[in-house]
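First up is the structure itself, then whatever we jot down about it.
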Amino acid sequence: MERSESELSGDAGDEGAQSPLLVARNLTKDYGPVRAVRSVDFTLRHDSFVTILGPSGCGKTSILRMIGGFEAVSGGELTLDGVDITAVPANRRPVNTVFQQYALFPHLSVRDNVAFGLRMKGRTAEMAKRVDEALAIVRMEAMADRFPAQLSGGQQQRVALARAFVNQPRLLLLDEPLSALDRKMRKHMQIELKELRQRLGMTFFYVTHDQDEAFALSDWMIVMNHGVIEQQGAPQDIYRRPANAYVADFIGGANLVPVTVMAKRDGVAGADTPMGRIECPCAAGVAAGSTAFLCLRAEHLVLSPAATARAFDGVVTHVIFQGDSKIVEVEGAGRRLTLTAAGTDGVEPGSAVRVGFDDAHAWIVAG
Amino acid sequence: MASLEDTRRKEFAVLATPAVLFVGAFCIAPLALLFLYSFYRVDFVAMVPDLNLRNYATVVTSETYRTLIGKAMLHGALVAGFTAVLAYPLAFFIAMRVKVYKAALLTALLIPLYTGDLVRIFAWRVVLGAEGILNTFLLWIGATEQPIMALLFSTGASLLVLTYNYLPFMVLAIWIALELLDRSLLEAAADLGAGRFRTFRHVVLPLTLPGVLVGALMVFALVIGDYLTPQLIGGSSGVTVISAIHDLFGAAFDWPLGGAIAWVLMAVLVTLIAALATLALRSRLGRALLRTR
Amino acid sequence: MERLLRSYVWALYGFVYLPVAVVVLFSLNDSDLIAFPLKGFTLRWYDDVLGDARLLGGLFNTFAVAIPVALVTTVLGGASALALTRHKSSFRLVLGLLVILPFFVPRMILAVSQVAFMHQLAITKSLLTVCIGQSLVILPFTTIIIASVLYRLDPALEEAASDLGASAWQRFRHVQLPLMKFGLMAACFIAFVLSSAEYTVSFFTSGRAQPLSILVASDFRFHLSPTLYALASLIVLFNIIVVVVSELLRRRGEGARK
Amino acid sequence: MADFGTSLDRRRFLKLCAAASAVTALPLATRPAQAKASAVYWLTWENLAKAEYLAPYLAAGGVPITKGFIGSDDEQFAKLRAGGGSEWDLITPGIDKAELYIASNLLQPLDLSKIPNAAHLYAPFKTSPLGKKDGKTYNIPFYWGINPIVYRADLMDKEPDWSTLFEGEKYKGRLAMRDYALEGIVISALYVGIPRDKLFKMGAKELAECKKALLAQKKLLRTYWNSIGDLTNLFASGEVVCAFSWVPPYYDLKARGLNMGMAKPKQGVIGWCDSLAIPAQSKPEGVEAAHALINYLLGPEYGKLLAVGGPYAQSTDIARSSLTDEQQERIFVKDLGVMDSFVWKENPANYGDWVRLWNEVKAS
């Protein structure tokens with residue numbers, strides 16, 4: 001693999017928005033007998049924020065590490081800007097990473113940490129200016145001469161970011177970079193990250209297990225489980241039209257009511273439910289005659305329905321106060337269902353309620 | 001096209017090859033030569049390559065060599081145990097209670113090694129002898145009427161000085177294990193209501209046992225190889241399997257038999273260590289510790 | 001409990017330095033017998049040592065061996081430790097076993113085999129062969145010490161270096177080396193100590209030039225001279241000074257950094 | 001006046017001539033020799049190579065000596081047997097071991113014509129077959145002595161003999177033997193009454209007898225001593241009152257005010273002799289220098305220095321006449337007849353069995 005670096009890094013403008021930035025084909029990773037990533041395909045566009053979401057151990061970090069060049073690919077290939085990078089060592093990939101625990105060099109000052117990549121490539125002429133710029137972007141100019149151990153978690157986070165993007169990578173990989181921060185800091189950094197990405201115009205490839213974070217940040221989401229991609233798409237699409245019960249549950253914790261699919265035509269299924277027969281759009285993979293799940297989002301279920309088409313009886317089991325709203329858990333339709341409700345005084349565990357929903361919000365997924 | 005794995009492999013090779021070649025050329029090859037010799041026969045000062053197992057038969061049937069090998073193992077194990085018990089609190093102190101002077105305290109432990117084996121051994125004679133410091137002290141405080149002769153030239157004296165000799169190695173091994181210990185675990189244990197002792201008993205000790213084990217193996221091997229201390233401190237029973245081999249190499253010029261004893265000794269040593277390591281790795285604690293890495 | 005621990009530590013250091021104290025005591029005793037009763041104070045043994053060209057020559061040989069041995073074992077041990085802790089090669093176990101093997105071979109056996117083997121290769125015994133023999137028995141120590149330091153380093157730091165474009169060499173030079181520096185120094189120091197006190201291997205592998213340990217052993221065969229105790233005391237004193245000075249320098253350095 | 005002047009002139013002239021011929025003859029005399037060695041490498045015991053013993057040799061323009069030190073006779077042999085001896089020009093093995101060295105082809109024959117002092121060897125050494133093979137001399141006797149019993153006269157009521165070391169219950173735990181198979185077993189043989197001519201030719205039966213005695217002896221011993229420095233320290237620190245010994249502790253400790261005694265048991269005393277030999281691989285210029293050094297070591301200056309300092313006797317009688325009676329007595333050369341009464345150390349053919357027996361005793 002003898003390709004010059006300039007060939008690899010190219011220039012973003014030349015290739016146009018239509019050609020993909022990164023293509024993964026049949027990407028597979030084995031750790032001994034354990035297959036962590038099972039023949040996965042996906043494509044990253046230029047100038048986008050992509051999150052890869054899944055529970056721990058689903059293979060998302062392995063994918064990131066293969067793109068970063070830290071793990072050898074067991075099967076399949078990776079192309080970046082049309083160039084096969086499968087066998088290119090980490091140090092020659094135009095890709096930079098923000099590590100989960102930041103991995104700042106403890107023996108180097110903030111400035112030297114940020115300058116590290118440029119120094120390694122011998123770009124010393126532009127180094128000082130670019131490092132200052134990068135530090136300014138993350139507002140760490142004042143801390144430039146400190147050592148990592150003298151910084152707070154958020155500050156370290158910023159330095160790690162600056163250290164990665166100062167090299168102007170084609171793709172910035174972020175491995176759960178906010179997981180070590182407190183909630184408030186995390187919210188704050190999410191906004192900063194999103195702004196930063198827009199400002200830099202790079203593609204961010206972001207690994208997280210936190211769906212809220214994924215929703216807050218991404219233009220494109222890849223949902224993984226057990227080494228396979230369950231679904232990928234725009235966040236709203238995934239939320240509204242989960243591809244299967246796993247995604248429906250993992251993303252936003254939908255209420256899943258088992259139903260029997262009677263008929264299916266043109267993406268619309270007819271199913272028998274405990275609340276009567278429903279006709280609603282359904283995911284691919286739902287087949288007539290099979291058992292599937294009616295997917296109802298908590299915010300679409302309402303108590304004391306007046307205007308909704310359908311309703312059933314239930315008993316409140318738990319009420320969780322959430323400030324402006326409440327999360328109410330109801331036992332009904334043979335299931336425990338969760339719904340969110342505002343201003344429902346008098347609802348308390350044990351009270352009998354009527355729960356309703358609108359057919360327009362219903363969606364059926366395979367089991 | 002070189003894959004990433006090839007690159008890693010190449011790096012590994014570059015790092016590992018010098019040491020492998022070095023050990024191969026100056027340890028494995030010489031020992032292999034000795035192994036070959038162990039099947040030879042001695043005819044006056046000539047080693048005759050008429051290969052047979054007679055030397056091994058001699059070792060196995062000789063009560064002397066069996067006893068000596070057994071004694072070496074026993075003493076190795078005893079000293080490993082003594083040093084572990086003595087060293088642990090010190091290692092714990094240096095790792096957990098000392099901040100600024102860590103390096104100084106550890107170095108201070110090594111400095112006496114500089115005096116040299118013989119100098120230290122003879123210094124111990126002055127301490128332990130019939131008219132030595134310890135006996136004089138014991139007579140002075142009236143703890144004994146007669147000097148205690150067994151303080152020197154006895155198996156116990158030899159074990160004491162061996163323990164002394166190899167204590168620093170044990171301290172280092174345990175200290176490293178303690179330094180590797182994740183400090184948040186101590187807080188977690190405290191948080192879960194464990195007192196100091198229970199934290200130590202249930203968290204610190206189990207997690208640093210591998211360090212103790214490494215130290216014990218080191219000390220074990222060092223004790224078996226040490227023949228000067230038993231010879232000069234152990235009295236009339238201070239003979240060791242190594243000094244017996246030494247006699248066969250030098251005085252009797254029976255390298256084949258010496259080589260055979262050496263190889264039997266090493267085989268026993270390796271078997272014991274392997275068994276111990278396997279046992280340790282198979283134990284519940286061992287498996288749990290392996291999994292965390 | 002804490003006080004008990006503290007007193008125990010003091011007691012143990014007392015135990016460790018007891019023979020050293022005896023050595024110092026008799027190096028100042030005005031009698032050439034290492035036995036009680038003490039006869040009086042003298043510095044003549046120190047005078048003897050400093051005027052003894054033979055012992056000083058031996059000391060020179062000891063350094064001529066210990067310095068290269070310390071450097072070689074630190075470099076080899078460092079490389080092996082990197083291979084052992086930073087690679088998942090299937091040869092890792094083999095490498096680990098190989099590197100610690102010399103440790104488990106009784107020295108006398110190793111030394112005699114080495115001499116026989118070197119003779120087969122027509123290698124003449126010299127300080128070089130002493131270096132080789134000693135390096136072999138010291139390599140396991142340096143490897144373990146450096147590996148234990150590397151083991152504590154977050155592998156992500158090295159990944160970060162690669163990620164930022166560092167070649168294997170740059171990664172080593174700019175990240176691994178500075179971070180394992182103290183491990184290397186500790187290993188080098190211990191290798192030096194072990195080398196300068198080593199007797200068995202040195203005896204068999206040495207030729208014309210013999211390190212101090214052999215001269216001391218040789219002298220001891222005829223006479224347990226307080227001169228040798230004075231020499232040992234001087235060496236210990238020298239080391240204590242080195243430790244104290246380096247500790248002071250380190251603390252001053254740290255103070256300046258803050 | 002004139003006569004006187006002439007005669008002076010003549011004397012001057014003769015002197016000049018002599019000097020001139022000497023100057024021209026000097027290169028002639030040394031021409032056959034190789035380039036002179038810059039150093040001669042001598043592997044020896046520390047106490048034989050003290051700077052003051054060698055000073056006259058160096059002052060007379062001898063090749064500078066680089067010394068190496070022996071750990072023990074056995075280690076010396078093992079080391080040379082394992083790795084040749086190319087590092088050394090001169091070694092110092094016990095003559096009883098000579099045949100091992102010769103049979104191992106470790107030595108080269110000596111050129112006795114370059115060692116004129118060899119003509120003065122004591123008769124027993126001259127006639128001894130040790131160190132000779134096929135009419136060639138490989139090891140030349142260097143210095144010798146006896147290994148007696150040394151004891152603390154202040155702590156013992158009568159002069160000990162070998163039986164004291166085997167049955168002296170009274171001194172249990174305060175006796176010592178050397179940790180050395182050959183001597184340990186010979187002494188036990190002397191004690192159990194093996195005839196002198198069979199001492200080094202003992203078969204299994206005799207060895208078994210010795211073993212029994214040695215096993216009984218072991219219970220009485222404080223320790224087996226390892227080096228003479230070790231034993232001296234044991235006497236000085238009161239650990240041991242009586243031991244099979246070498247001579248030096250007797251004089252050393254006596255000089256320091258201890259009341260020491262030395263016993264030469266009538267059952268027989270072990271005599272020993274160390275030799276000088278040149279390793280087979282020594283280079284010609286080294287061999288040349290080694291011969292010169294050997295000659296010095298057998299010569300009068302060294303002999304006197306060793307007799308006074310050691311105190312040891314060299315193998316030639318060349319210095320004997322320059323010693324006082326007392327000095328002669330100290331090195332056992334006053335009455336030369338005693339040399340015949342010594343049990344001279346030999347290397348038993350079945351020495352492997354001896355060593356194994358010795359280890360069995362120690363390990364019991």
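Identifiers in this document derive from the order of the structure tokens: chains are assigned A, B, ..., residues are numbered from 1 separately in each chain, and ligands are numbered from 1 in order of occurrence.
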Long-range neighbours of Tyr17 in chain C as a count of residues only, 10 Å cut-off, only C-alpha atoms, 4 positions minimum in chain
10
Please identify every residue of chain C that has at least one atom no farther than 9 Å from an atom of chain D, counting only C-alpha atoms, and for each give the shortest atom pair and the distance in Å to one decimal, arranged by chain then increasing number, as CSV.
```
residue,atom,partner,partner_atom,distance
C:Ser31,CA,D:Arg256,CA,8.8
C:Asp32,CA,D:Arg256,CA,8.9
C:Leu33,CA,D:Ala236,CA,7.0
C:Ile34,CA,D:Asn233,CA,6.7
C:Ala35,CA,D:Ser237,CA,5.1
C:Phe36,CA,D:Ser237,CA,6.8
C:Val112,CA,D:Ala82,CA,7.1
C:Ser113,CA,D:Ala82,CA,8.2
C:Gln114,CA,D:Ala82,CA,8.9
C:Val115,CA,D:Gly83,CA,5.6
C:Ala116,CA,D:Ala82,CA,4.6
C:Phe117,CA,D:Ala82,CA,8.2
C:Met118,CA,D:Gly83,CA,7.2
C:His119,CA,D:Gly83,CA,4.7
C:Gln120,CA,D:Gly83,CA,8.1
C:Ala122,CA,D:Gly83,CA,8.5
C:Ile123,CA,D:Gly83,CA,8.7
C:Thr124,CA,D:Ser86,CA,7.2
C:Lys125,CA,D:Glu87,CA,6.9
C:Ser126,CA,D:Glu87,CA,8.1
C:Phe203,CA,D:Gly71,CA,7.9
C:Phe204,CA,D:Lys79,CA,6.0
C:Thr205,CA,D:Lys79,CA,8.3
C:Gly207,CA,D:Glu87,CA,5.8
C:Arg208,CA,D:Glu87,CA,5.8
C:Ala209,CA,D:Gly68,CA,7.1
C:Gln210,CA,D:Gly68,CA,6.7
C:Ile214,CA,D:Phe69,CA,7.5
C:Leu215,CA,D:Phe69,CA,6.9
C:Ala217,CA,D:Gly71,CA,7.4
C:Ser218,CA,D:Gly71,CA,6.1
C:Asp219,CA,D:Glu46,CA,6.4
C:Phe220,CA,D:Gly229,CA,5.7
C:Arg221,CA,D:Ser227,CA,4.8
C:Phe222,CA,D:Gly229,CA,4.2
C:His223,CA,D:Gly229,CA,4.3
C:Leu224,CA,D:Gly229,CA,5.5
C:Ser225,CA,D:Gly229,CA,8.7
```
I'd like the contact shell of Tyr246 in chain A - 9 Å cut-off, only C-alpha atoms, skipping same-chain residues fewer than 4 positions apart - returned as an NGL selection string.
:A and (225 or 230 or 242 or 250-251 or 367)
Residue selection dump (C-alpha atoms) as a PDB file, in the first residue's frame:
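Here's the written file part_13.pdb:
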```pdb
ATOM      1  CA  ASN A 225     -27.162  -4.367  17.482  1.00  0.00           C
ATOM      2  CA  GLU A 230     -30.557  -2.674  12.268  1.00  0.00           C
ATOM      3  CA  PRO A 242     -38.450   2.133  12.972  1.00  0.00           C
ATOM      4  CA  PHE A 250     -34.159   1.099  21.522  1.00  0.00           C
ATOM      5  CA  ILE A 251     -34.978   4.457  19.951  1.00  0.00           C
ATOM      6  CA  GLY A 367     -41.341  -9.042  15.760  1.00  0.00           C
TER       7      GLY A 367
END
```
Write out as a PyMOL selection string the residues lying within 12 Å of Ser243 in chain B, counting only C-alpha atoms and excluding same-chain residues fewer than 6 positions away.
(chain B and resi 65+68-69+72+224-232+237+249-251+258+261-262) or (chain C and resi 106-109+200) or (chain D and resi 75+179-180+226+355-356+358-359+362-363)
Determine which residues of range 70-145 of chain C DSSP labels as helix (DSSP H, G or I) from the backbone of this structure, then write them out as a VMD selection string.
chain C and resid 70 to 86 92 to 104 107 to 120 127 to 145
Residues just named, written with C-alpha atoms as a PDB file, in the first residue's frame:
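Result file result.pdb:
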```
ATOM      1  CA  ALA C  70      22.669  -1.682  32.152  1.00  0.00           C
ATOM      2  CA  LEU C  71      22.267  -0.032  28.758  1.00  0.00           C
ATOM      3  CA  VAL C  72      21.925  -3.230  26.754  1.00  0.00           C
ATOM      4  CA  THR C  73      19.474  -4.864  29.141  1.00  0.00           C
ATOM      5  CA  THR C  74      17.423  -1.688  29.317  1.00  0.00           C
ATOM      6  CA  VAL C  75      17.209  -1.435  25.530  1.00  0.00           C
ATOM      7  CA  LEU C  76      16.524  -5.133  25.014  1.00  0.00           C
ATOM      8  CA  GLY C  77      14.160  -5.243  27.971  1.00  0.00           C
ATOM      9  CA  GLY C  78      12.388  -2.126  26.732  1.00  0.00           C
ATOM     10  CA  ALA C  79      11.910  -3.616  23.277  1.00  0.00           C
ATOM     11  CA  SER C  80      10.668  -6.913  24.684  1.00  0.00           C
ATOM     12  CA  ALA C  81       8.386  -5.126  27.114  1.00  0.00           C
ATOM     13  CA  LEU C  82       6.903  -3.094  24.263  1.00  0.00           C
ATOM     14  CA  ALA C  83       6.374  -6.240  22.251  1.00  0.00           C
ATOM     15  CA  LEU C  84       4.829  -7.992  25.246  1.00  0.00           C
ATOM     16  CA  THR C  85       2.466  -5.245  26.318  1.00  0.00           C
ATOM     17  CA  ARG C  86       1.622  -3.574  23.010  1.00  0.00           C
ATOM     18  CA  ARG C  92       3.782 -13.135  22.734  1.00  0.00           C
ATOM     19  CA  LEU C  93       3.655 -16.031  25.157  1.00  0.00           C
ATOM     20  CA  VAL C  94       6.741 -17.541  23.568  1.00  0.00           C
ATOM     21  CA  LEU C  95       8.581 -14.254  23.825  1.00  0.00           C
ATOM     22  CA  GLY C  96       7.531 -13.801  27.447  1.00  0.00           C
ATOM     23  CA  LEU C  97       8.695 -17.280  28.384  1.00  0.00           C
ATOM     24  CA  LEU C  98      11.971 -16.854  26.529  1.00  0.00           C
ATOM     25  CA  VAL C  99      12.770 -13.576  28.170  1.00  0.00           C
ATOM     26  CA  ILE C 100      12.164 -14.804  31.707  1.00  0.00           C
ATOM     27  CA  LEU C 101      13.741 -18.203  31.116  1.00  0.00           C
ATOM     28  CA  PRO C 102      17.316 -17.201  32.092  1.00  0.00           C
ATOM     29  CA  PHE C 103      15.900 -16.151  35.421  1.00  0.00           C
ATOM     30  CA  PHE C 104      14.786 -19.660  36.246  1.00  0.00           C
ATOM     31  CA  ARG C 107      23.250 -19.222  37.511  1.00  0.00           C
ATOM     32  CA  MET C 108      26.000 -21.689  38.016  1.00  0.00           C
ATOM     33  CA  ILE C 109      24.439 -24.051  35.518  1.00  0.00           C
ATOM     34  CA  LEU C 110      23.890 -21.252  33.046  1.00  0.00           C
ATOM     35  CA  ALA C 111      27.414 -19.933  33.482  1.00  0.00           C
ATOM     36  CA  VAL C 112      29.102 -23.275  32.921  1.00  0.00           C
ATOM     37  CA  SER C 113      26.974 -24.020  29.854  1.00  0.00           C
ATOM     38  CA  GLN C 114      27.713 -20.590  28.472  1.00  0.00           C
ATOM     39  CA  VAL C 115      31.427 -21.022  28.866  1.00  0.00           C
ATOM     40  CA  ALA C 116      31.312 -24.438  27.200  1.00  0.00           C
ATOM     41  CA  PHE C 117      29.182 -23.028  24.407  1.00  0.00           C
ATOM     42  CA  MET C 118      31.345 -19.986  23.863  1.00  0.00           C
ATOM     43  CA  HIS C 119      34.323 -22.261  23.733  1.00  0.00           C
ATOM     44  CA  GLN C 120      32.646 -24.212  20.950  1.00  0.00           C
ATOM     45  CA  LEU C 127      34.816  -8.413  29.697  1.00  0.00           C
ATOM     46  CA  LEU C 128      32.561  -8.763  26.643  1.00  0.00           C
ATOM     47  CA  THR C 129      31.672 -12.327  27.578  1.00  0.00           C
ATOM     48  CA  VAL C 130      31.019 -11.164  31.132  1.00  0.00           C
ATOM     49  CA  CYS C 131      28.686  -8.543  29.688  1.00  0.00           C
ATOM     50  CA  ILE C 132      26.860 -11.154  27.631  1.00  0.00           C
ATOM     51  CA  GLY C 133      26.523 -13.555  30.551  1.00  0.00           C
ATOM     52  CA  GLN C 134      25.342 -10.908  32.949  1.00  0.00           C
ATOM     53  CA  SER C 135      22.974  -9.280  30.466  1.00  0.00           C
ATOM     54  CA  LEU C 136      21.246 -12.586  30.077  1.00  0.00           C
ATOM     55  CA  VAL C 137      20.502 -13.010  33.770  1.00  0.00           C
ATOM     56  CA  ILE C 138      19.547  -9.353  34.168  1.00  0.00           C
ATOM     57  CA  LEU C 139      17.293  -9.123  31.105  1.00  0.00           C
ATOM     58  CA  PRO C 140      14.287 -10.691  32.881  1.00  0.00           C
ATOM     59  CA  PHE C 141      14.450  -8.005  35.589  1.00  0.00           C
ATOM     60  CA  THR C 142      14.554  -5.053  33.218  1.00  0.00           C
ATOM     61  CA  THR C 143      11.830  -6.524  31.031  1.00  0.00           C
ATOM     62  CA  ILE C 144       9.483  -7.027  33.961  1.00  0.00           C
ATOM     63  CA  ILE C 145      10.110  -3.552  35.337  1.00  0.00           C
TER      64      ILE C 145
END
```
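Using only C-alpha atoms, the contacts of Gln236 in chain A at a cut-off of 12 Å, with sequence neighbours closer than 2 positions omitted, comprise Ala214, Phe215, Ala216, Ser218, Asp219, Trp220, Met221, Gln232, Gly233, Ala234, Ile238, Tyr239, Arg240, Arg241, Pro242, Ile251 and Gly252 of chain A.
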Residues as selected, N, CA, C and O atoms, written as an mmCIF file, in the first residue's frame, can you do that?
```
data_model
loop_
_atom_site.group_PDB
_atom_site.id
_atom_site.type_symbol
_atom_site.label_atom_id
_atom_site.label_comp_id
_atom_site.auth_asym_id
_atom_site.auth_seq_id
_atom_site.Cartn_x
_atom_site.Cartn_y
_atom_site.Cartn_z
ATOM 1 N N ALA A 214 -27.675 11.200 20.124
ATOM 2 C CA ALA A 214 -27.714 10.916 18.697
ATOM 3 C C ALA A 214 -28.743 11.804 18.007
ATOM 4 O O ALA A 214 -28.496 12.368 16.942
ATOM 5 N N PHE A 215 -29.911 11.930 18.629
ATOM 6 C CA PHE A 215 -30.947 12.785 18.036
ATOM 7 C C PHE A 215 -30.511 14.237 18.010
ATOM 8 O O PHE A 215 -30.725 14.949 17.040
ATOM 9 N N ALA A 216 -29.881 14.652 19.098
ATOM 10 C CA ALA A 216 -29.507 16.056 19.198
ATOM 11 C C ALA A 216 -28.473 16.440 18.147
ATOM 12 O O ALA A 216 -28.449 17.576 17.685
ATOM 13 N N SER A 218 -27.232 14.368 15.167
ATOM 14 C CA SER A 218 -26.911 13.821 13.862
ATOM 15 C C SER A 218 -27.848 14.209 12.730
ATOM 16 O O SER A 218 -29.012 14.502 12.908
ATOM 17 N N ASP A 219 -27.222 14.131 11.516
ATOM 18 C CA ASP A 219 -27.988 14.232 10.283
ATOM 19 C C ASP A 219 -28.323 12.840 9.791
ATOM 20 O O ASP A 219 -29.217 12.653 8.992
ATOM 21 N N TRP A 220 -27.570 11.925 10.236
ATOM 22 C CA TRP A 220 -27.709 10.550 9.744
ATOM 23 C C TRP A 220 -27.380 9.615 10.897
ATOM 24 O O TRP A 220 -26.432 9.853 11.639
ATOM 25 N N MET A 221 -28.202 8.603 11.079
ATOM 26 C CA MET A 221 -27.986 7.700 12.207
ATOM 27 C C MET A 221 -27.841 6.273 11.714
ATOM 28 O O MET A 221 -28.527 5.869 10.782
ATOM 29 N N GLN A 232 -30.534 2.374 9.202
ATOM 30 C CA GLN A 232 -29.845 3.647 9.099
ATOM 31 C C GLN A 232 -30.694 4.644 8.334
ATOM 32 O O GLN A 232 -31.486 4.274 7.483
ATOM 33 N N GLY A 233 -30.556 5.893 8.660
ATOM 34 C CA GLY A 233 -31.370 6.902 7.991
ATOM 35 C C GLY A 233 -31.349 8.195 8.766
ATOM 36 O O GLY A 233 -30.598 8.343 9.738
ATOM 37 N N ALA A 234 -32.214 9.135 8.317
ATOM 38 C CA ALA A 234 -32.310 10.393 9.036
ATOM 39 C C ALA A 234 -32.977 10.135 10.386
ATOM 40 O O ALA A 234 -33.832 9.251 10.481
ATOM 41 N N ILE A 238 -36.079 7.395 11.379
ATOM 42 C CA ILE A 238 -35.869 6.235 12.251
ATOM 43 C C ILE A 238 -36.833 6.284 13.431
ATOM 44 O O ILE A 238 -37.405 5.274 13.827
ATOM 45 N N TYR A 239 -37.086 7.476 13.910
ATOM 46 C CA TYR A 239 -37.980 7.606 15.052
ATOM 47 C C TYR A 239 -39.413 7.285 14.627
ATOM 48 O O TYR A 239 -40.108 6.513 15.290
ATOM 49 N N ARG A 240 -39.787 7.835 13.503
ATOM 50 C CA ARG A 240 -41.175 7.648 13.086
ATOM 51 C C ARG A 240 -41.413 6.269 12.510
ATOM 52 O O ARG A 240 -42.468 5.701 12.688
ATOM 53 N N ARG A 241 -40.472 5.812 11.773
ATOM 54 C CA ARG A 241 -40.696 4.542 11.086
ATOM 55 C C ARG A 241 -39.573 3.570 11.387
ATOM 56 O O ARG A 241 -38.759 3.235 10.528
ATOM 57 N N PRO A 242 -39.492 3.106 12.643
ATOM 58 C CA PRO A 242 -38.450 2.133 12.972
ATOM 59 C C PRO A 242 -38.605 0.879 12.123
ATOM 60 O O PRO A 242 -39.723 0.482 11.830
ATOM 61 N N ILE A 251 -34.870 3.034 20.236
ATOM 62 C CA ILE A 251 -34.978 4.457 19.951
ATOM 63 C C ILE A 251 -36.267 4.987 20.537
ATOM 64 O O ILE A 251 -37.358 4.696 20.048
ATOM 65 N N GLY A 252 -36.164 5.686 21.575
ATOM 66 C CA GLY A 252 -37.336 6.336 22.150
ATOM 67 C C GLY A 252 -38.248 5.427 22.945
ATOM 68 O O GLY A 252 -39.299 5.856 23.417
#
```
Output as a ChimeraX atom specification the set of chain B residues within 7 Å of chain D, with distances taken over only C-alpha atoms.
/B:45,64,68,129-131,153,235-237,239,244,247,249-252,254
Residues of chain A within 7 Å of chain C, counting only C-alpha atoms - could you list those as JSON, numbers by chain?
{"A": [68, 70, 90, 91, 92, 96, 97, 103, 104, 105, 116, 117, 120, 121]}
So that I can see what lies close to Leu159 in chain B, please list as an MDAnalysis selection string the residues with an atom at most 10 Å from it, counting only C-alpha atoms and leaving out residues fewer than 5 positions away in the same chain.
chainID B and resid 75:76 78:79 82 154 164:165 223 229:230 233:234
Length of the CA of Leu151 in chain A to CA of Arg111 in chain A vector [Å]:
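Straight-line distance from CA of Leu151 in chain A to CA of Arg111 in chain A works out to 12.9 Å.
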In Å to one decimal, how far is CA of Val343 in chain D from CA of Glu326 in chain D?
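According to the coordinates, CA of Glu326 in chain D and CA of Val343 in chain D are separated by 23.7 Å.
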What parts of range 18-129 of chain B does DSSP call strand (DSSP E)? I'd like the answer as a list in words.
Arg41, Val42, Asp43, Ala46, Met47 and Val48 of chain B
Report as JSON lines the residues of chain A within 7 Å of chain B, each with its shortest atom pair and distance in Å (one decimal), using only C-alpha atoms, ordered by chain and increasing residue number.
```
{"residue": "A:Met1", "atom": "CA", "partner": "B:Met1", "partner_atom": "CA", "distance": 5.1}
{"residue": "A:Ala72", "atom": "CA", "partner": "B:Leu4", "partner_atom": "CA", "distance": 5.4}
{"residue": "A:Ala87", "atom": "CA", "partner": "B:Ser3", "partner_atom": "CA", "distance": 4.6}
{"residue": "A:Val88", "atom": "CA", "partner": "B:Leu4", "partner_atom": "CA", "distance": 6.8}
{"residue": "A:Pro89", "atom": "CA", "partner": "B:Leu4", "partner_atom": "CA", "distance": 6.0}
```
Take the residues from that selection and write them out as a compact mmCIF listing (two decimals), in the first residue's frame, keeping C-alpha atoms.
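Final output, saved to selection_29.txt:
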```
# COMPACT_ATOMS: atom_id res chain seq x y z
CA MET A 1 0.00 0.00 0.00
CA ALA A 72 -7.24 -4.56 11.31
CA ALA A 87 -4.61 -1.61 4.75
CA VAL A 88 -3.41 1.95 5.29
CA PRO A 89 -1.90 2.35 8.76
```
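The shell of residues at most 9 Å from range 183-199 of chain A, with only C-alpha atoms counted and near chain neighbours (fewer than 5 positions) removed, consists of A:Asp47, A:Ser48, A:Phe49, A:Ile137, A:Val138, A:Gly154, A:Gln157, A:Arg158, A:Leu178, A:Phe204, A:Glu213, A:Ala216, A:Leu217, A:Ser218.
A straight line drawn from CA of Asp50 in chain B to CA of Pro348 in chain D is 23.9 Å long.
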